[in-house]
$ cat data.txt   # compact mmCIF, C-alpha atoms
# COMPACT_ATOMS: atom_id res chain seq x y z
CA MET Z 1 8.05 20.88 -19.71
CA GLU Z 2 9.09 18.16 -22.07
CA ASP Z 3 11.33 16.68 -19.40
CA LYS Z 4 8.42 16.34 -17.01
CA ASN Z 5 6.35 14.70 -19.70
CA PHE Z 6 9.17 12.27 -20.39
CA PHE Z 7 9.47 11.48 -16.71
CA GLU Z 8 5.76 10.66 -16.48
CA LYS Z 9 5.97 8.44 -19.53
CA TYR Z 10 8.97 6.68 -18.01
CA GLN Z 11 7.07 6.15 -14.76
CA ALA Z 12 4.18 4.62 -16.70
CA TYR Z 13 6.63 2.41 -18.58
CA VAL Z 14 8.26 1.19 -15.36
CA GLU Z 15 4.83 0.59 -13.88
CA ALA Z 16 3.85 -1.50 -16.89
CA LYS Z 17 7.06 -3.53 -16.85
CA THR Z 18 7.28 -4.19 -13.11
CA PRO Z 19 6.28 -7.78 -12.47
CA LYS Z 20 3.17 -7.64 -10.31
CA THR Z 21 2.03 -10.44 -8.08
CA LYS Z 22 -1.43 -10.86 -9.44
CA SER Z 23 -4.89 -11.61 -8.32
CA PHE Z 24 -6.95 -13.56 -5.89
CA PRO Z 25 -5.81 -17.22 -6.33
CA THR Z 26 -2.35 -16.44 -4.94
CA LEU Z 27 -4.02 -15.49 -1.64
CA ILE Z 28 -5.49 -18.99 -1.40
CA TYR Z 29 -2.17 -20.64 -2.34
CA ALA Z 30 -0.36 -18.55 0.28
CA TYR Z 31 -3.00 -19.51 2.87
CA LEU Z 32 -2.76 -23.23 1.97
CA VAL Z 33 1.03 -23.51 1.88
CA GLY Z 34 1.53 -21.33 4.98
CA GLY Z 35 -1.10 -23.26 6.89
CA LEU Z 36 0.38 -26.61 5.86
CA ILE Z 37 3.89 -25.58 6.99
CA CYS Z 38 2.46 -24.55 10.36
CA MET Z 39 0.60 -27.89 10.62
CA LEU Z 40 3.86 -29.72 9.85
CA GLY Z 41 5.46 -27.73 12.70
CA GLN Z 42 2.62 -28.69 15.06
CA GLY Z 43 3.05 -32.33 13.98
CA ILE Z 44 6.79 -32.26 14.82
CA TYR Z 45 6.00 -30.52 18.12
CA ASP Z 46 3.39 -33.09 19.19
CA SER Z 47 5.61 -36.00 18.10
CA LEU Z 48 8.55 -34.65 20.12
CA LEU Z 49 6.39 -34.28 23.23
CA ALA Z 50 5.06 -37.82 22.73
CA ILE Z 51 8.50 -39.40 22.15
CA PHE Z 52 10.37 -37.55 24.91
CA PRO Z 53 8.04 -37.27 27.93
CA THR Z 54 10.59 -35.26 29.95
CA MET Z 55 10.86 -32.52 27.32
CA THR Z 56 9.38 -29.15 28.25
CA THR Z 57 7.08 -27.35 25.82
CA GLU Z 58 9.72 -24.64 25.26
CA GLU Z 59 12.40 -27.21 24.37
CA ALA Z 60 9.98 -28.97 22.04
CA ASN Z 61 9.17 -25.62 20.41
CA ALA Z 62 12.87 -24.85 19.86
CA TRP Z 63 13.55 -28.32 18.39
CA MET Z 64 10.49 -28.00 16.16
CA LEU Z 65 11.78 -24.70 14.74
CA ILE Z 66 15.28 -26.18 14.25
CA GLY Z 67 13.72 -29.14 12.43
CA LEU Z 68 11.75 -26.87 10.09
CA ILE Z 69 14.87 -24.76 9.47
CA PHE Z 70 16.82 -27.92 8.60
CA LEU Z 71 14.14 -29.07 6.15
CA ALA Z 72 13.92 -25.65 4.50
CA SER Z 73 17.72 -25.39 4.08
CA LEU Z 74 17.84 -28.87 2.56
CA LEU Z 75 14.96 -28.12 0.18
CA THR Z 76 16.63 -24.83 -0.77
CA GLY Z 77 19.84 -26.72 -1.56
CA LEU Z 78 17.91 -29.17 -3.71
CA GLY Z 79 16.22 -26.27 -5.53
CA VAL Z 80 12.75 -27.38 -4.43
CA TYR Z 81 11.95 -24.51 -2.07
CA ASP Z 82 12.26 -21.84 -4.75
CA ARG Z 83 9.68 -23.71 -6.83
CA ILE Z 84 7.31 -23.76 -3.87
CA GLY Z 85 8.01 -20.03 -3.50
CA ILE Z 86 6.88 -19.23 -7.04
CA PHE Z 87 3.64 -21.04 -6.39
CA ALA Z 88 2.99 -19.92 -2.82
CA GLY Z 89 4.38 -16.37 -2.58
CA ALA Z 90 4.23 -15.14 1.01
CA GLY Z 91 3.04 -18.59 2.09
CA SER Z 92 6.67 -19.71 1.80
CA VAL Z 93 8.22 -16.42 2.99
CA VAL Z 94 6.37 -15.71 6.24
CA PRO Z 95 6.90 -19.05 8.06
CA ILE Z 96 10.32 -19.59 9.75
CA THR Z 97 11.20 -21.77 6.74
CA GLY Z 98 11.25 -18.57 4.65
CA PHE Z 99 13.79 -17.06 7.04
CA SER Z 100 15.92 -20.18 6.63
CA ASN Z 101 15.52 -20.02 2.86
CA SER Z 102 16.54 -16.34 2.88
CA ILE Z 103 19.88 -17.37 4.46
CA ALA Z 104 20.53 -20.57 2.48
CA SER Z 105 19.51 -19.24 -0.93
CA PRO Z 106 22.06 -16.36 -1.27
CA ALA Z 107 24.70 -18.56 0.41
CA ILE Z 108 24.35 -21.14 -2.36
CA GLU Z 109 23.97 -18.50 -5.07
CA TYR Z 110 27.16 -16.58 -4.17
CA LYS Z 111 29.34 -19.59 -3.37
CA LYS Z 112 31.13 -19.08 -6.70
CA GLU Z 113 32.45 -15.71 -5.46
CA GLY Z 114 34.39 -17.49 -2.73
CA ILE Z 115 33.66 -18.99 0.66
CA ILE Z 116 34.40 -15.89 2.76
CA TYR Z 117 33.48 -12.95 0.53
CA GLY Z 118 30.76 -14.79 -1.36
CA LEU Z 119 29.04 -17.38 0.78
CA CYS Z 120 29.61 -15.99 4.27
CA VAL Z 121 28.98 -12.33 3.41
CA LYS Z 122 25.88 -12.74 1.23
CA MET Z 123 24.35 -15.23 3.65
CA PHE Z 124 23.08 -12.28 5.70
CA SER Z 125 21.91 -10.03 2.88
CA ILE Z 126 18.26 -10.64 3.82
CA ALA Z 127 18.56 -12.18 7.29
CA GLY Z 128 20.84 -9.33 8.42
CA PRO Z 129 18.14 -6.64 8.31
CA VAL Z 130 15.71 -9.02 10.02
CA ILE Z 131 18.11 -9.74 12.90
CA VAL Z 132 19.26 -6.12 13.22
CA ASN Z 133 15.73 -4.69 13.32
CA GLY Z 134 14.43 -7.50 15.49
CA LEU Z 135 17.25 -7.01 17.98
CA ALA Z 136 16.79 -3.22 17.96
CA ILE Z 137 13.06 -3.48 18.68
CA SER Z 138 13.70 -6.05 21.42
CA ILE Z 139 16.20 -3.71 23.12
CA ILE Z 140 13.74 -0.82 22.90
CA ILE Z 141 11.02 -3.03 24.40
CA GLY Z 142 13.45 -4.10 27.13
CA ILE Z 143 14.35 -0.53 28.07
CA ILE Z 144 10.71 0.56 28.13
CA TYR Z 145 9.81 -2.51 30.22
CA LEU Z 146 12.67 -1.78 32.63
CA PHE Z 147 11.47 1.75 33.39
CA LEU Z 148 7.76 0.98 33.67
CA MET R 1 -6.52 -33.09 18.81
CA TRP R 2 -7.69 -32.57 15.21
CA LEU R 3 -9.40 -29.36 16.25
CA MET R 4 -5.95 -28.11 17.30
CA TYR R 5 -4.56 -28.86 13.83
CA LEU R 6 -7.48 -27.02 12.26
CA LYS R 7 -6.71 -23.98 14.43
CA VAL R 8 -3.00 -24.20 13.53
CA PHE R 9 -3.88 -24.28 9.84
CA LEU R 10 -6.39 -21.42 10.01
CA VAL R 11 -4.23 -19.04 12.08
CA GLY R 12 -0.90 -19.89 10.41
CA GLY R 13 -2.42 -19.63 6.95
CA PHE R 14 -4.11 -16.35 7.85
CA ILE R 15 -0.80 -14.74 8.91
CA CYS R 16 0.78 -15.87 5.62
CA MET R 17 -2.19 -14.52 3.69
CA LEU R 18 -1.69 -11.10 5.33
CA GLY R 19 1.86 -11.19 3.94
CA GLN R 20 0.55 -12.10 0.50
CA ILE R 21 -1.98 -9.21 0.61
CA LEU R 22 0.94 -6.85 1.35
CA LEU R 23 2.89 -8.36 -1.57
CA ILE R 24 0.00 -7.82 -3.97
CA LYS R 25 -1.16 -4.40 -2.79
CA THR R 26 2.16 -2.64 -2.23
CA ASN R 27 4.76 -4.61 -4.23
CA ILE R 28 7.15 -4.50 -1.28
CA THR R 29 9.99 -7.02 -1.35
CA SER R 30 9.79 -10.20 0.67
CA SER R 31 12.73 -9.17 2.85
CA ARG R 32 10.79 -6.10 3.99
CA ILE R 33 7.85 -8.35 4.82
CA LEU R 34 10.15 -10.43 7.04
CA VAL R 35 11.43 -7.30 8.84
CA LEU R 36 7.93 -5.86 9.20
CA PHE R 37 6.46 -9.09 10.59
CA VAL R 38 9.28 -9.58 13.10
CA VAL R 39 8.77 -6.04 14.41
CA ILE R 40 4.97 -6.47 14.56
CA GLY R 41 5.37 -9.78 16.40
CA ALA R 42 7.74 -8.25 18.95
CA ILE R 43 5.47 -5.25 19.60
CA MET R 44 2.37 -7.44 19.93
CA GLU R 45 4.20 -9.67 22.43
CA ALA R 46 5.30 -6.63 24.43
CA PHE R 47 1.66 -5.53 24.77
CA GLY R 48 0.65 -9.08 25.69
CA LEU R 49 -1.40 -9.48 22.51
CA TYR R 50 0.59 -12.34 20.95
CA GLU R 51 0.59 -14.79 23.87
CA PRO R 52 -3.19 -15.49 23.60
CA ILE R 53 -2.71 -16.33 19.89
CA VAL R 54 0.07 -18.79 20.79
CA ASN R 55 -2.12 -20.41 23.44
CA PHE R 56 -4.97 -20.65 20.92
CA ALA R 57 -3.11 -21.84 17.84
CA GLY R 58 0.24 -23.29 18.98
CA ALA R 59 2.54 -23.73 15.98
CA GLY R 60 0.15 -21.61 13.89
CA ALA R 61 1.53 -18.63 15.79
CA THR R 62 5.10 -19.75 16.59
CA VAL R 63 6.08 -20.96 13.10
CA PRO R 64 5.36 -17.70 11.19
CA ILE R 65 8.16 -15.14 11.45
CA THR R 66 6.02 -13.07 13.84
CA GLY R 67 6.81 -15.87 16.32
CA PHE R 68 10.50 -14.98 15.91
CA GLY R 69 9.69 -11.42 16.96
CA ARG R 70 7.66 -12.80 19.84
CA SER R 71 10.67 -14.85 21.03
CA LEU R 72 12.87 -11.72 20.92
CA ALA R 73 10.45 -9.68 23.04
CA LYS R 74 9.64 -12.56 25.40
CA GLY R 75 13.35 -13.32 25.85
CA VAL R 76 14.14 -9.72 26.76
CA ILE R 77 11.29 -9.46 29.27
CA ASP R 78 12.17 -12.82 30.90
CA ALA R 79 15.88 -11.94 31.06
CA ILE R 80 15.13 -8.57 32.71
CA LYS R 81 13.14 -10.39 35.39
CA SER R 82 16.10 -12.67 36.21
CA GLN R 83 19.15 -10.48 35.40
CA GLY R 84 17.95 -6.89 35.61
CA PHE R 85 19.45 -4.32 33.25
CA LEU R 86 21.88 -6.80 31.63
CA GLY R 87 18.86 -8.69 30.36
CA VAL R 88 18.11 -5.85 27.92
CA PHE R 89 21.21 -6.89 25.99
CA THR R 90 21.29 -10.65 26.55
CA GLY R 91 17.60 -11.58 26.40
CA GLY R 92 16.72 -11.18 22.73
CA LEU R 93 19.56 -13.14 21.19
CA THR R 94 19.52 -15.82 23.89
CA ALA R 95 15.90 -16.62 23.16
CA THR R 96 16.41 -16.79 19.40
CA ALA R 97 19.93 -18.26 19.41
CA GLY R 98 18.75 -21.78 18.52
CA GLY R 99 16.94 -20.66 15.38
CA ILE R 100 19.66 -18.30 14.16
CA ALA R 101 22.48 -20.79 14.82
CA ALA R 102 20.56 -23.60 13.11
CA ALA R 103 19.77 -21.44 10.08
CA VAL R 104 23.40 -20.31 9.72
CA LEU R 105 24.86 -23.79 10.27
CA PHE R 106 22.54 -25.61 7.86
CA ALA R 107 22.87 -22.86 5.25
CA TYR R 108 26.66 -23.14 5.50
CA ILE R 109 26.67 -26.93 5.19
CA PHE R 110 24.19 -27.11 2.33
CA ALA R 111 25.83 -24.20 0.48
CA LEU R 112 29.10 -26.15 0.57
CA ILE R 113 27.39 -29.32 -0.67
CA PHE R 114 24.98 -27.99 -3.33
CA ASN R 115 25.58 -25.74 -6.31
CA SER R 116 23.04 -23.20 -7.51
CA LYS R 117 20.54 -24.57 -9.99
CA THR R 118 20.05 -23.00 -13.38
CA LYS R 119 16.64 -21.43 -13.21
CA LYS R 120 14.34 -22.77 -15.91
CA TYR R 121 11.00 -21.16 -15.09

$ encode --input "data.txt" --output "structure tokens"
Amino acid sequence: MEDKNFFEKYQAYVEAKTPKTKSFPTLIYAYLVGGLICMLGQGIYDSLLAIFPTMTTEEANAWMLIGLIFLASLLTGLGVYDRIGIFAGAGSVVPITGFSNSIASPAIEYKKEGIIYGLCVKMFSIAGPVIVNGLAISIIIGIIYLFL
Amino acid sequence: MWLMYLKVFLVGGFICMLGQILLIKTNITSSRILVLFVVIGAIMEAFGLYEPIVNFAGAGATVPITGFGRSLAKGVIDAIKSQGFLGVFTGGLTATAGGIAAAVLFAYIFALIFNSKTKKY
């Protein structure tokens, strides 16, 4: 009986100590930052289409994403993106820049453990699950589509 | 023109806010949010629900990670149309190759250049 009691107390303790993302204002920050990153993407997209008239919309879209990924990696290297992340929460995680940050950040962090076993391995600690699950769902969709 | 940017802001921000609501309500880690959103994006695209959002909001729908899932699903379906069964395996990665390669390359370069900052916050 005492063990169970202890376990409940421990659960309450963990609950109290777990850092919680709090309250309403963070929703607005996430909305603002996420929306602004998307607007930046749209700005790059429209500029590309205006500068290169022969470019197709799909090419422009791909270049726009690559541009955002470049910016996010650079800002991660400079240590700026993590500061935005504290402020914006999911607003900096959900855009493609967050995916880029999730690759660059552990790569930089684990560089001291070596190029191969540190940098190159840890690079995929967050992006790996995303790519694996994304690829799995796309194959499932493909197979279902094929037999419909 | 400016109406388009307003739509981009509203839709893109809304998708990010959904992620933030998940963060607050369930305390799930941000990597699970990425996985969840990619899968949701791919499934919505497969049912033809994501394409109208892209047409409506442009980068507001392609920049969030759900757009990555959309590319995976769209790539597979397009590749099946042109290559048949092989497309099941080639489509997804082909469509997202640019983004993944760019993210890996830039992360590699910048990780070699920069050292991790001491966190002060």

$ closest_atom_pairs --input "data.txt" --of "chain Z" --to "chain R" --cutoff "6 Å" --atoms "all atoms listed in the file" --output "JSON lines"
{"residue": "Z:Thr21", "atom": "CA", "partner": "R:Ile24", "partner_atom": "CA", "distance": 5.3}
{"residue": "Z:Leu27", "atom": "CA", "partner": "R:Met17", "partner_atom": "CA", "distance": 5.7}
{"residue": "Z:Ala30", "atom": "CA", "partner": "R:Met17", "partner_atom": "CA", "distance": 5.6}
{"residue": "Z:Tyr31", "atom": "CA", "partner": "R:Gly13", "partner_atom": "CA", "distance": 4.1}
{"residue": "Z:Gly34", "atom": "CA", "partner": "R:Gly13", "partner_atom": "CA", "distance": 4.7}
{"residue": "Z:Gly35", "atom": "CA", "partner": "R:Gly13", "partner_atom": "CA", "distance": 3.9}
{"residue": "Z:Cys38", "atom": "CA", "partner": "R:Gly60", "partner_atom": "CA", "distance": 5.1}
{"residue": "Z:Met39", "atom": "CA", "partner": "R:Phe9", "partner_atom": "CA", "distance": 5.8}
{"residue": "Z:Gly41", "atom": "CA", "partner": "R:Ala59", "partner_atom": "CA", "distance": 5.9}
{"residue": "Z:Gln42", "atom": "CA", "partner": "R:Ala59", "partner_atom": "CA", "distance": 5.0}
{"residue": "Z:Ile66", "atom": "CA", "partner": "R:Gly99", "partner_atom": "CA", "distance": 5.9}
{"residue": "Z:Ile69", "atom": "CA", "partner": "R:Ala103", "partner_atom": "CA", "distance": 6.0}
{"residue": "Z:Ser73", "atom": "CA", "partner": "R:Ala107", "partner_atom": "CA", "distance": 5.9}
{"residue": "Z:Gly77", "atom": "CA", "partner": "R:Phe114", "partner_atom": "CA", "distance": 5.6}
{"residue": "Z:Ala90", "atom": "CA", "partner": "R:Gln20", "partner_atom": "CA", "distance": 4.8}
{"residue": "Z:Gly91", "atom": "CA", "partner": "R:Cys16", "partner_atom": "CA", "distance": 5.0}
{"residue": "Z:Val94", "atom": "CA", "partner": "R:Pro64", "partner_atom": "CA", "distance": 5.4}
{"residue": "Z:Pro95", "atom": "CA", "partner": "R:Pro64", "partner_atom": "CA", "distance": 3.7}
{"residue": "Z:Ile96", "atom": "CA", "partner": "R:Ile65", "partner_atom": "CA", "distance": 5.2}
{"residue": "Z:Ser100", "atom": "CA", "partner": "R:Ala103", "partner_atom": "CA", "distance": 5.3}
{"residue": "Z:Ala104", "atom": "CA", "partner": "R:Ala107", "partner_atom": "CA", "distance": 4.3}
{"residue": "Z:Ala107", "atom": "CA", "partner": "R:Ala111", "partner_atom": "CA", "distance": 5.8}
{"residue": "Z:Ile108", "atom": "CA", "partner": "R:Ala111", "partner_atom": "CA", "distance": 4.4}
{"residue": "Z:Glu109", "atom": "CA", "partner": "R:Ser116", "partner_atom": "CA", "distance": 5.4}
{"residue": "Z:Ile126", "atom": "CA", "partner": "R:Ser31", "partner_atom": "CA", "distance": 5.8}
{"residue": "Z:Val130", "atom": "CA", "partner": "R:Val35", "partner_atom": "CA", "distance": 4.8}
{"residue": "Z:Gly134", "atom": "CA", "partner": "R:Val39", "partner_atom": "CA", "distance": 5.9}
{"residue": "Z:Ser138", "atom": "CA", "partner": "R:Ala73", "partner_atom": "CA", "distance": 5.1}
{"residue": "Z:Ile139", "atom": "CA", "partner": "R:Val88", "partner_atom": "CA", "distance": 5.6}
{"residue": "Z:Gly142", "atom": "CA", "partner": "R:Val88", "partner_atom": "CA", "distance": 5.0}

$ atom_distance --input "data.txt" --atom1 "atom CA of Z:Phe87" --atom2 "atom CA of Z:Leu32"
10.8 Å

$ atom_distance --input "data.txt" --atom1 "atom CA of Z:Gly85" --atom2 "atom CA of R:Ile28"
15.7 Å

$ atom_distance --input "data.txt" --atom1 "atom CA of Z:Pro129" --atom2 "atom CA of R:Thr29"
12.6 Å

$ axis_aligned_box --input "data.txt" --around "stretch 40-52 of chain R" --padding-each-side "5 Å" --output "lines of an AutoDock Vina configuration file"
center_x = 2.3
center_y = -10.4
center_z = 20.1
size_x = 20.9
size_y = 20.2
size_z = 21.1

$ residues_around --input "data.txt" --residues "stretch 57-62 of chain Z" --least-positions-apart "5" --cutoff "7 Å" --atoms "only C-alpha atoms" --output "VMD selection string"
(chain Z and resid 45 48 to 49) or (chain R and resid 98)

$ write_last_selection --input "data.txt" --atoms "C-alpha atoms" --output "JSON list (two decimals), in the coordinates of the input"
[["chain", "number", "residue", "atom", "x", "y", "z"],
["Z", 45, "TYR", "CA", 6.00, -30.52, 18.12],
["Z", 48, "LEU", "CA", 8.55, -34.65, 20.12],
["Z", 49, "LEU", "CA", 6.39, -34.28, 23.23],
["R", 98, "GLY", "CA", 18.75, -21.78, 18.52]]
